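Undergrad: Following this message is one structure expressed as structure tokens.
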Amino acid sequence: MANKYAIAVDYRRCIGCGSCAVSCKMENNVPNEVWYCTVNTLGGDSNDAPAGKYGSNTISYQPLRCQHCDTPSCVEVCPVGATYKDEETGIVMQDTDVCIGCKSCIEACPYMAVGAGVRTYIGDTPEFLVGFPVGSGQAPNHKANTVEKCNLCYSRIANGEVPACVEGCPTYACTFGDLNDPESDISKLLAAREYEQILPDSGTGPNMYFL
Amino acid sequence: MRTSLSRRTFLQGTGVAVASAAFVGTLAACGKDDMQNLETNQGVEEVGDEFFCTCSWSCSFCQYNIYVRDGNVSNMKPKADYPFRTCLKGKSRVTRTYSEARIQYPMKRVEGTERGAGQWERITWEEAGELVGEQWKKTEETYGPLANSIYMGGGGAQGSLHGSSGLIMRMFNATGCTKWDYSFDAATNVGLTRGGLQWFDQSEPADFVNSDYIVLFGGNPIFAQIQMGKFLFDAQDAGAKIIVVDPHFSATAAKADKWVPVSMGNDTALFLGLIKRFIDEGTFAADFVLNNTCAPYLIDAATGLYARGSAFGEGMHVGPPFWVTGQPTEIDAIMVWSESEGKPVPFDTCKDPAWSCPDSTYVTAWDKFKDHVSEWTFDKVTAACDISQEDFDFLYNALQPENKVAHYINFGTGAYENGLHAGYAMTALIAMTGNFGEPGRSVGGFDMMYGNFFGHASSVPSNGKMVSSVTFLAACDILNSGVLAGEPYPVKTLWVSHGGLIGGSVNSNRVKKEFLDKMEMIIVEDNYLTDTARYADILLPACDMYEFEDVVPLGHMKTVRLSEKCIEPMYEAKPDAEIARFMSEYIGVGDIVNEIDNDTWWKGTFDDVAAAVEHGISMATLREQKEMRYVDEDVYVGNVGLKNFISETGRLMFYVDAPAPRTASNYDTSNVEREQMPTYFENKVTGVNSEYAAEYPLTCMSWRNPSRVHMTMFMDTWARQFNPNPRLFINPADGQKYGIEDGAEILASNWLGDCVLVASFNSGVREGCTVYYKGYAESETKRGSMSALTTDYADPYAVNCSFFDNRIKIEPWDGSGASDPAIFTPTIKGAE
């Protein structure tokens, strides 16, 4: 692959506000009840609950989206090729014009167990808060009986822009770039900082990093 | 294309709206009109026309780019090379603009139905004008002009022309009516101002990187002013340490290098204890204290008043320029004891002022203050605020004068009865260290007031009249008694503009029964069918921000920002200034309002403001440049040269001989002595010895909701979908104690009202305390509302809503007393 695009999120800067999720909503004209990006709390047992006893608490937030894996399990199981790995960018794409809504990808993806928003099945005709398409207008069509997910703002990247969730982070917690380029900001960041990934042993080779 | 889409969600891509699905939710006010082009489909090729818009909500006032396609606000992007990136709230404004909660046309309550029952009749603007005009004029003729009243909040719209200080104030001023002073978020500023601190002369946030420490007492900017997080994290990257003193593990405490947990509402005790430590150990900034504070000022021991030059044959002296206007002042100079001359001399001519006065006729402010704080041993401090010795030592060491400290002050410490004194004591503490006037040394936080100097000159009418301010906290008493300060004060009409007194203020059940119910007519001008709007007799539809041009001078940076008109006014809504132009004709002041056109307004905004003139800011240049700086520095540093203290003598004060209440009220202000120096006293409700503590064991305060500002997001928006449920954060130990399960619906109640929320266990919340996210409307809770639980008593000098001074009990909710969703779903006679 020419490129290997990835996002690194700095735990220290992420405040869990959800601006990434809403930026994505707008850019991709995401229907009601569907999120391509959500935010998990790393701490206590529920949203926004810290770990630890009073006075020694800790909390972090972990934006969750498709991990755009190197060897995605979703691609292997898709019977119609709606889910595929883009050769040029390494992005795991979801073509809703081809998807038949069989949910095989949902069952195969190990990240579905981590939180909401990695993949969403849309059963009925999708509904929206406003009556016209918002965002860049370049998002895939939203249809009933399909599975949707983050395409890493493929069209924005093609235009030289960063994904909307990265651009929309008010605390500058996210860094996007090409891991095949050792001079990219993200390559340098990952070389300099300790990081972790979600389910690194799943064998899928995720491309989302957390500093 | 005209549609009759009558549901709150939309189906796209079919070209034809399908409206057969069941109605979802309960918030919709009205059906959609023809303002949205439903023919458009996915696969848009066009970027759209670009505009520069500015949020005027009370957070960070971000400017951003809007893109309009087919007449619709369709996309939003951060402005290039601009550090403030719009958050989820700003991004969700599009869904708000096109929300079905919009008030689309003027309406009146159907005769014979109750207020709040949701039965409306569509009327024309002219009919609304006639109805309001008749009531306004009749009331003025019968009871006098003060019997008409207005309530304005303002956190939702703070543009220059169309905001709460805009042209509409020219209209209200011209009638000479009563203005209910909203009386919130005032205590901290009154405390700082009493001490001579100019809160809004803060350094720009890019200066944080120069600090050794950034200290926040009760402030939570990570959620209140999300964009400031970038600057705080940048400062941490540069080596600054962030210290947060807070009873709870707030979003900001979670990001701090050091969280100092304390009990709620007792910060004054902490500040006084730290001051005593500085004095006892002689580590205060002595030169600063002697030459830039009231320390050497002589107090007449018999009267407690300052010794002034006039009593010694001195004429008036030139004082510091008045900080608001820059105009010179004359002062009756306060005297100090000259070491060399051995007598009192004016402070501004004395070369060798004494710390102590040998003449027992006088006592220096320093000696008086030292004596005042001497009781604040660590044991007494920790008994009041429960700080550990280790944390107290840490704070003391961090605040040493050699450290460059940025003090980031928001409203947290001021939301209690004793909030004024917390602000005053904080000023005295900062006075010990003199942390001003250099990179990295600053005091600020809610830095928006300066922008208010970019004027509203034309809000002063030509007929010489002005509104008369009366605190809203006295409103129920006045309506009950018909009396203010012993004089008859009948009020019959209420016009609510730019504000939500139900939800946005305190004690909403009482406000309904004892204030709103007693009005002959309630007029609400708003974009949305808010809790307050639902209670109106007459509704006037206002435009949302994309429908008009305005200027936003407020913000963390020293810039003025344009907000461009992107789309035409939707439905029959009018921009607020246009509402003033229209309605003023009906209430008898049309000629006065309309003698000012918009161009004249903008001249008044900029032409008389030195900072604007010096930096070439006019409406013409701003339209060209979109954002303009009004200071010369690349990064503004506040109070360079120590010239910006705003007391009469230009010094910081920890003794004020004749303190004044913030505003007139019906409270007892006789305890002047308590006000002269920063003084700790326990809060009436949250205090551990409170009379309410036994029955209502849990204190209750709010956090700023990261997904909404005040009451702005009650309708269905993306931001609301991200954070949909009103939650009450409680310590798991308290959950267990009161039989509550995490995630369960609970009933919170007290002597004022009740509210159903979702329990959210949070071990960072102090035991015995609860915290709720602010801003959920009555339509979003299954029973009651949080504003029904908030107290409306106030400190007589601060005259301020004590938003955090509450106590509640909690129990599992059995489903009883649920609100009727029907009242939130209006029926509109005459709607299409």
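Labels for the structure tokens follow display order: chains A, B, ..., residues from 1 in each chain, ligands from 1.
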Any idea which chain A residues end up within 6 Å of chain B if we count only C-alpha atoms, as a PDB file with C-alpha atoms, in the first residue's frame please?
TA:
ATOM      1  CA  SER A  19     -16.662  17.082  19.471  1.00  0.00           C
ATOM      2  CA  VAL A  22     -20.328  15.475  16.267  1.00  0.00           C
ATOM      3  CA  ALA A  49     -17.007   7.796  36.036  1.00  0.00           C
ATOM      4  CA  LYS A  53     -11.125   6.406  45.537  1.00  0.00           C
ATOM      5  CA  TYR A  54     -11.980  10.033  46.209  1.00  0.00           C
ATOM      6  CA  GLU A 127     -33.722   9.545   9.510  1.00  0.00           C
ATOM      7  CA  PHE A 128     -31.980  12.862  10.016  1.00  0.00           C
ATOM      8  CA  LEU A 129     -32.296  15.924  12.205  1.00  0.00           C
ATOM      9  CA  GLY A 131     -34.028  17.920   5.927  1.00  0.00           C
ATOM     10  CA  PHE A 132     -31.045  18.366   3.636  1.00  0.00           C
ATOM     11  CA  VAL A 134     -25.015  18.441   5.645  1.00  0.00           C
ATOM     12  CA  GLY A 135     -21.241  18.246   5.625  1.00  0.00           C
ATOM     13  CA  GLY A 137     -21.745  15.957   0.746  1.00  0.00           C
ATOM     14  CA  GLN A 138     -19.132  13.397  -0.165  1.00  0.00           C
ATOM     15  CA  PRO A 170     -10.931  21.589  20.069  1.00  0.00           C
ATOM     16  CA  THR A 171      -8.128  20.427  22.369  1.00  0.00           C
TER      17      THR A 171
END
Undergrad: Quick one: residues within 10 Å of region 484-496 of chain B, only C-alpha atoms counted, chain neighbours fewer than 5 positions away excluded, as a VMD selection string?
TA: chain B and resid 132 135 to 136 139 to 140 143 to 153 172 177 to 180 470 474 to 475 477 to 479 501 515 to 516 518 to 526 532 to 533 536 538 to 539 664 to 667
Undergrad: Between B:Lys574, B:Lys380, B:Arg115, B:Arg308, which residue has the minimum interatomic distance to Leu272 (chain B), considering only C-alpha atoms?
TA: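 Of the candidates, the smallest distance to Leu272 (chain B) is held by B:Lys380.
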Undergrad: So, counting only C-alpha atoms, which residue among A:Pro110, A:Pro31, A:Pro182, A:Gly101 is closest to Thr146 (chain A)?
TA: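 The shortest atom-to-atom distance to Thr146 (chain A) comes from A:Gly101.
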Undergrad: Given the choices A:Ala113, A:Ile106, A:Ala51, A:Val39, which gets closest to Pro72 (chain A) if the distance is worked out from only C-alpha atoms?
TA: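 Once distances to Pro72 (chain A) are computed over only C-alpha atoms, the minimum belongs to A:Ile106.
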Undergrad: Using only C-alpha atoms, pick whichever of A:Tyr36, A:Tyr84, A:Tyr11, A:Tyr121 has the shortest atom-to-atom distance to Gln197 (chain A).
TA: A:Tyr11
Undergrad: Env of region 57-64 of chain A: 6 Å cut, atoms = only C-alpha atoms, seq-sep filter 2 positions within chain, self excluded. Answer as a PyMOL selection string.
TA: chain A and resi 16+37-43+50-55
Undergrad: Do you have the CA of Ser388 (chain B)-CA of Phe278 (chain B) distance handy?
TA: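 Computed distance, CA of Ser388 (chain B) to CA of Phe278 (chain B), equals 17.8 Å.
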Undergrad: Near Ala822 (chain B), within 9 Å and counting only C-alpha atoms, which residues show up once chain neighbours fewer than 2 positions away are dropped, as a list in words?
TA: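 Selected residues are Thr26, Ala117, Gly118, Ser819, Asp820, Phe824, Thr825 and Pro826 of chain B.
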Undergrad: Please extract the residues of region 305-419 of chain B with a backbone DSSP assignment of strand (DSSP E or B) and present them as a list in words.
TA: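 So, restricting region 305-419 of chain B to strand (DSSP E or B), we get Tyr306, Arg308, His317, Val318, Gly319, Thr329, Glu330, Ile331, Ile334, Met335, Val336, Trp337, Ser338, Lys343, Pro344, Val345, Pro346, Pro353, Tyr362, Val363, Thr364, Val405, Ala406, His407, Tyr408 and Ile409 of chain B.
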Undergrad: Could you tell me how far CA of Lys258 (chain B) lies from CA of Leu216 (chain B), in Å and to one decimal?
TA: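 Value for the CA of Lys258 (chain B)-CA of Leu216 (chain B) distance: 10.5 Å.
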Undergrad: Taking into account only C-alpha atoms, which residue in the set A:Ala2, A:Ala82, A:Ile7, A:Cys102 is nearest to Met208 (chain A)?
TA: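 Smallest separation from Met208 (chain A) among the options: A:Ile7.
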Undergrad: Between A:Leu211, A:Cys20, A:Cys69, A:Val30, which one has atoms that come closest to Lys4 (chain A), using only C-alpha atoms?
TA: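 Under the stated criterion, the closest residue is A:Cys69.
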Undergrad: At what distance in Å, to one decimal, does CA of Thr89 (chain A) lie from CA of Pro206 (chain A)?
TA: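 We find that CA of Pro206 (chain A) and CA of Thr89 (chain A) lie 14.2 Å from each other.
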Undergrad: Please return, as an MDAnalysis selection string, all residues of region 491-728 of chain B that DSSP assigns to alpha helix (DSSP H) on the basis of the backbone.
TA: chainID B and resid 501:504 508:514 576:586 590:594 598:606 610:614 619:625 672:676 718:722
Undergrad: For region 342-354 of chain B, please output as number ranges by chain all residues within 8 Å (counting only C-alpha atoms; exclusion window: fewer than 2 positions along the same chain).
TA: B: 290, 296-298, 308-309, 333-340, 356-357
Undergrad: Only all heavy atoms, please: the residues just picked out, written as a short mmCIF file (atom, residue, chain, number, x, y, z; two decimals), in the first residue's frame.
TA:
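Written output follows (again23.cif):
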data_model
loop_
_atom_site.label_atom_id
_atom_site.label_comp_id
_atom_site.auth_asym_id
_atom_site.auth_seq_id
_atom_site.Cartn_x
_atom_site.Cartn_y
_atom_site.Cartn_z
N LEU B 290 3.43 47.00 50.11
CA LEU B 290 3.53 48.35 50.68
C LEU B 290 3.14 49.43 49.66
O LEU B 290 2.51 50.43 50.00
CB LEU B 290 4.96 48.61 51.18
CG LEU B 290 5.18 49.90 51.95
CD1 LEU B 290 4.35 49.91 53.25
CD2 LEU B 290 6.66 50.10 52.28
N PRO B 296 -0.48 50.50 53.86
CA PRO B 296 -0.09 51.62 54.75
C PRO B 296 -1.22 52.62 55.00
O PRO B 296 -1.02 53.58 55.76
CB PRO B 296 1.05 52.29 53.96
CG PRO B 296 0.73 52.03 52.53
CD PRO B 296 0.04 50.69 52.48
N TYR B 297 -2.39 52.44 54.40
CA TYR B 297 -3.47 53.42 54.56
C TYR B 297 -3.91 53.50 56.03
O TYR B 297 -4.03 52.47 56.70
CB TYR B 297 -4.67 53.05 53.68
CG TYR B 297 -4.44 53.22 52.19
CD1 TYR B 297 -5.45 52.91 51.29
CD2 TYR B 297 -3.24 53.69 51.68
CE1 TYR B 297 -5.27 53.05 49.92
CE2 TYR B 297 -3.05 53.83 50.31
CZ TYR B 297 -4.06 53.51 49.44
OH TYR B 297 -3.88 53.65 48.09
N LEU B 298 -4.17 54.70 56.46
CA LEU B 298 -4.54 54.91 57.86
C LEU B 298 -6.06 54.85 58.03
O LEU B 298 -6.81 55.53 57.33
CB LEU B 298 -4.03 56.28 58.34
CG LEU B 298 -2.51 56.45 58.35
CD1 LEU B 298 -2.15 57.86 58.82
CD2 LEU B 298 -1.84 55.40 59.24
N ARG B 308 -8.65 60.86 55.50
CA ARG B 308 -8.59 61.43 54.15
C ARG B 308 -7.97 62.82 54.19
O ARG B 308 -8.06 63.54 55.20
CB ARG B 308 -9.99 61.51 53.56
CG ARG B 308 -10.68 60.16 53.51
CD ARG B 308 -11.21 59.83 52.15
NE ARG B 308 -11.72 58.48 52.09
CZ ARG B 308 -11.59 57.72 51.02
NH1 ARG B 308 -10.95 58.16 49.96
NH2 ARG B 308 -12.09 56.50 51.01
N GLY B 309 -7.41 63.21 53.07
CA GLY B 309 -6.69 64.46 52.98
C GLY B 309 -7.52 65.68 53.34
O GLY B 309 -7.02 66.64 53.94
N ALA B 333 -7.60 62.11 48.87
CA ALA B 333 -6.54 61.11 49.06
C ALA B 333 -6.56 60.49 50.45
O ALA B 333 -6.75 61.19 51.46
CB ALA B 333 -5.18 61.74 48.80
N ILE B 334 -6.34 59.20 50.48
CA ILE B 334 -6.21 58.50 51.76
C ILE B 334 -4.81 58.78 52.31
O ILE B 334 -3.82 58.88 51.57
CB ILE B 334 -6.45 56.99 51.56
CG1 ILE B 334 -7.89 56.74 51.07
CG2 ILE B 334 -6.19 56.23 52.85
CD1 ILE B 334 -8.20 55.32 50.69
N MET B 335 -4.74 58.90 53.63
CA MET B 335 -3.49 59.27 54.28
C MET B 335 -2.70 58.03 54.71
O MET B 335 -3.28 56.98 55.02
CB MET B 335 -3.77 60.13 55.52
CG MET B 335 -4.65 61.35 55.24
SD MET B 335 -3.93 62.52 54.06
CE MET B 335 -2.85 63.43 55.19
N VAL B 336 -1.38 58.19 54.73
CA VAL B 336 -0.49 57.15 55.27
C VAL B 336 0.42 57.84 56.31
O VAL B 336 0.51 59.07 56.37
CB VAL B 336 0.36 56.49 54.17
CG1 VAL B 336 -0.53 55.78 53.16
CG2 VAL B 336 1.25 57.51 53.46
N TRP B 337 1.10 57.05 57.09
CA TRP B 337 2.02 57.62 58.10
C TRP B 337 3.42 57.69 57.49
O TRP B 337 3.98 56.68 57.09
CB TRP B 337 2.04 56.76 59.36
CG TRP B 337 2.81 57.40 60.47
CD1 TRP B 337 4.12 57.23 60.75
CD2 TRP B 337 2.32 58.34 61.41
NE1 TRP B 337 4.49 58.00 61.81
CE2 TRP B 337 3.40 58.70 62.26
CE3 TRP B 337 1.08 58.94 61.64
CZ2 TRP B 337 3.26 59.61 63.31
CZ3 TRP B 337 0.95 59.83 62.68
CH2 TRP B 337 2.03 60.17 63.50
N SER B 338 3.95 58.92 57.41
CA SER B 338 5.30 59.10 56.88
C SER B 338 6.34 58.82 57.97
O SER B 338 6.29 59.46 59.03
CB SER B 338 5.47 60.52 56.34
OG SER B 338 6.84 60.78 56.09
N GLU B 339 7.24 57.90 57.71
CA GLU B 339 8.28 57.56 58.70
C GLU B 339 9.14 58.79 59.02
O GLU B 339 9.44 59.09 60.17
CB GLU B 339 9.19 56.46 58.16
CG GLU B 339 8.51 55.13 57.92
CD GLU B 339 8.52 54.23 59.15
OE1 GLU B 339 8.68 54.75 60.26
OE2 GLU B 339 8.36 53.02 58.98
N SER B 340 9.51 59.52 57.96
CA SER B 340 10.44 60.63 58.17
C SER B 340 9.75 61.85 58.76
O SER B 340 10.30 62.54 59.62
CB SER B 340 11.11 61.00 56.84
OG SER B 340 10.12 61.34 55.90
N SER B 356 3.20 50.34 60.17
CA SER B 356 2.38 50.50 61.38
C SER B 356 2.37 51.96 61.78
O SER B 356 3.31 52.71 61.47
CB SER B 356 2.96 49.69 62.54
OG SER B 356 2.94 48.31 62.23
N CYS B 357 1.33 52.37 62.46
CA CYS B 357 1.21 53.76 62.85
C CYS B 357 1.46 53.90 64.36
O CYS B 357 0.79 53.25 65.16
CB CYS B 357 -0.18 54.29 62.50
SG CYS B 357 -0.39 56.02 62.93
#
Undergrad: Env of region 689-693 of chain B: 12 Å cut, atoms = only C-alpha atoms, seq-sep filter 5 positions within chain, self excluded. Answer as a PDB file with N, CA and C atoms, in the first residue's frame.
TA:
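Contents of selection-v1.pdb, freshly written:
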ATOM      1  N   ALA B 384     -12.523  24.048  58.568  1.00  0.00           N
ATOM      2  CA  ALA B 384     -13.536  24.661  57.706  1.00  0.00           C
ATOM      3  C   ALA B 384     -13.578  24.008  56.325  1.00  0.00           C
ATOM      4  N   PHE B 681     -17.626  32.961  56.489  1.00  0.00           N
ATOM      5  CA  PHE B 681     -18.804  32.506  57.233  1.00  0.00           C
ATOM      6  C   PHE B 681     -19.381  31.305  56.497  1.00  0.00           C
ATOM      7  N   GLU B 682     -20.017  30.449  57.260  1.00  0.00           N
ATOM      8  CA  GLU B 682     -20.531  29.214  56.684  1.00  0.00           C
ATOM      9  C   GLU B 682     -21.787  29.491  55.861  1.00  0.00           C
ATOM     10  N   ASN B 683     -21.928  28.783  54.751  1.00  0.00           N
ATOM     11  CA  ASN B 683     -23.112  28.970  53.920  1.00  0.00           C
ATOM     12  C   ASN B 683     -24.349  28.395  54.602  1.00  0.00           C
ATOM     13  N   LYS B 684     -25.440  29.094  54.379  1.00  0.00           N
ATOM     14  CA  LYS B 684     -26.668  28.758  55.091  1.00  0.00           C
ATOM     15  C   LYS B 684     -27.164  27.339  54.767  1.00  0.00           C
ATOM     16  N   LEU B 698     -27.612  15.637  51.386  1.00  0.00           N
ATOM     17  CA  LEU B 698     -26.658  15.770  50.283  1.00  0.00           C
ATOM     18  C   LEU B 698     -26.639  17.190  49.733  1.00  0.00           C
ATOM     19  N   THR B 699     -25.462  17.769  49.652  1.00  0.00           N
ATOM     20  CA  THR B 699     -25.364  19.048  48.960  1.00  0.00           C
ATOM     21  C   THR B 699     -25.501  18.805  47.461  1.00  0.00           C
ATOM     22  N   CYS B 700     -25.790  19.860  46.730  1.00  0.00           N
ATOM     23  CA  CYS B 700     -26.083  19.675  45.305  1.00  0.00           C
ATOM     24  C   CYS B 700     -25.615  20.893  44.514  1.00  0.00           C
ATOM     25  N   ASN B 750     -36.212  18.407  47.563  1.00  0.00           N
ATOM     26  CA  ASN B 750     -35.990  19.207  48.773  1.00  0.00           C
ATOM     27  C   ASN B 750     -37.234  20.031  49.053  1.00  0.00           C
ATOM     28  N   TRP B 751     -37.119  21.015  49.900  1.00  0.00           N
ATOM     29  CA  TRP B 751     -38.279  21.790  50.330  1.00  0.00           C
ATOM     30  C   TRP B 751     -38.826  22.705  49.239  1.00  0.00           C
ATOM     31  N   LEU B 752     -38.132  22.760  48.119  1.00  0.00           N
ATOM     32  CA  LEU B 752     -38.553  23.647  47.039  1.00  0.00           C
ATOM     33  C   LEU B 752     -39.194  22.914  45.866  1.00  0.00           C
ATOM     34  N   GLY B 768     -21.363  12.820  50.486  1.00  0.00           N
ATOM     35  CA  GLY B 768     -22.260  13.833  51.060  1.00  0.00           C
ATOM     36  C   GLY B 768     -22.600  14.935  50.084  1.00  0.00           C
ATOM     37  N   CYS B 769     -22.069  14.819  48.869  1.00  0.00           N
ATOM     38  CA  CYS B 769     -22.319  15.845  47.843  1.00  0.00           C
ATOM     39  C   CYS B 769     -22.899  15.179  46.589  1.00  0.00           C
ATOM     40  N   THR B 791     -31.951  27.146  45.437  1.00  0.00           N
ATOM     41  CA  THR B 791     -32.413  28.151  46.390  1.00  0.00           C
ATOM     42  C   THR B 791     -32.300  29.561  45.819  1.00  0.00           C
ATOM     43  N   ASP B 805     -25.577  26.467  46.368  1.00  0.00           N
ATOM     44  CA  ASP B 805     -25.980  26.354  47.768  1.00  0.00           C
ATOM     45  C   ASP B 805     -27.297  25.595  47.882  1.00  0.00           C
ATOM     46  N   ASN B 806     -27.254  24.302  47.629  1.00  0.00           N
ATOM     47  CA  ASN B 806     -28.478  23.515  47.660  1.00  0.00           C
ATOM     48  C   ASN B 806     -28.262  22.236  48.450  1.00  0.00           C
ATOM     49  N   ARG B 807     -29.342  21.727  48.979  1.00  0.00           N
ATOM     50  CA  ARG B 807     -29.339  20.406  49.616  1.00  0.00           C
ATOM     51  C   ARG B 807     -30.532  19.609  49.119  1.00  0.00           C
ATOM     52  N   ILE B 808     -30.325  18.308  49.013  1.00  0.00           N
ATOM     53  CA  ILE B 808     -31.392  17.429  48.543  1.00  0.00           C
ATOM     54  C   ILE B 808     -31.355  16.111  49.323  1.00  0.00           C
ATOM     55  N   LYS B 809     -32.409  15.347  49.161  1.00  0.00           N
ATOM     56  CA  LYS B 809     -32.374  13.923  49.501  1.00  0.00           C
ATOM     57  C   LYS B 809     -32.664  13.160  48.213  1.00  0.00           C
TER      58      LYS B 809
END
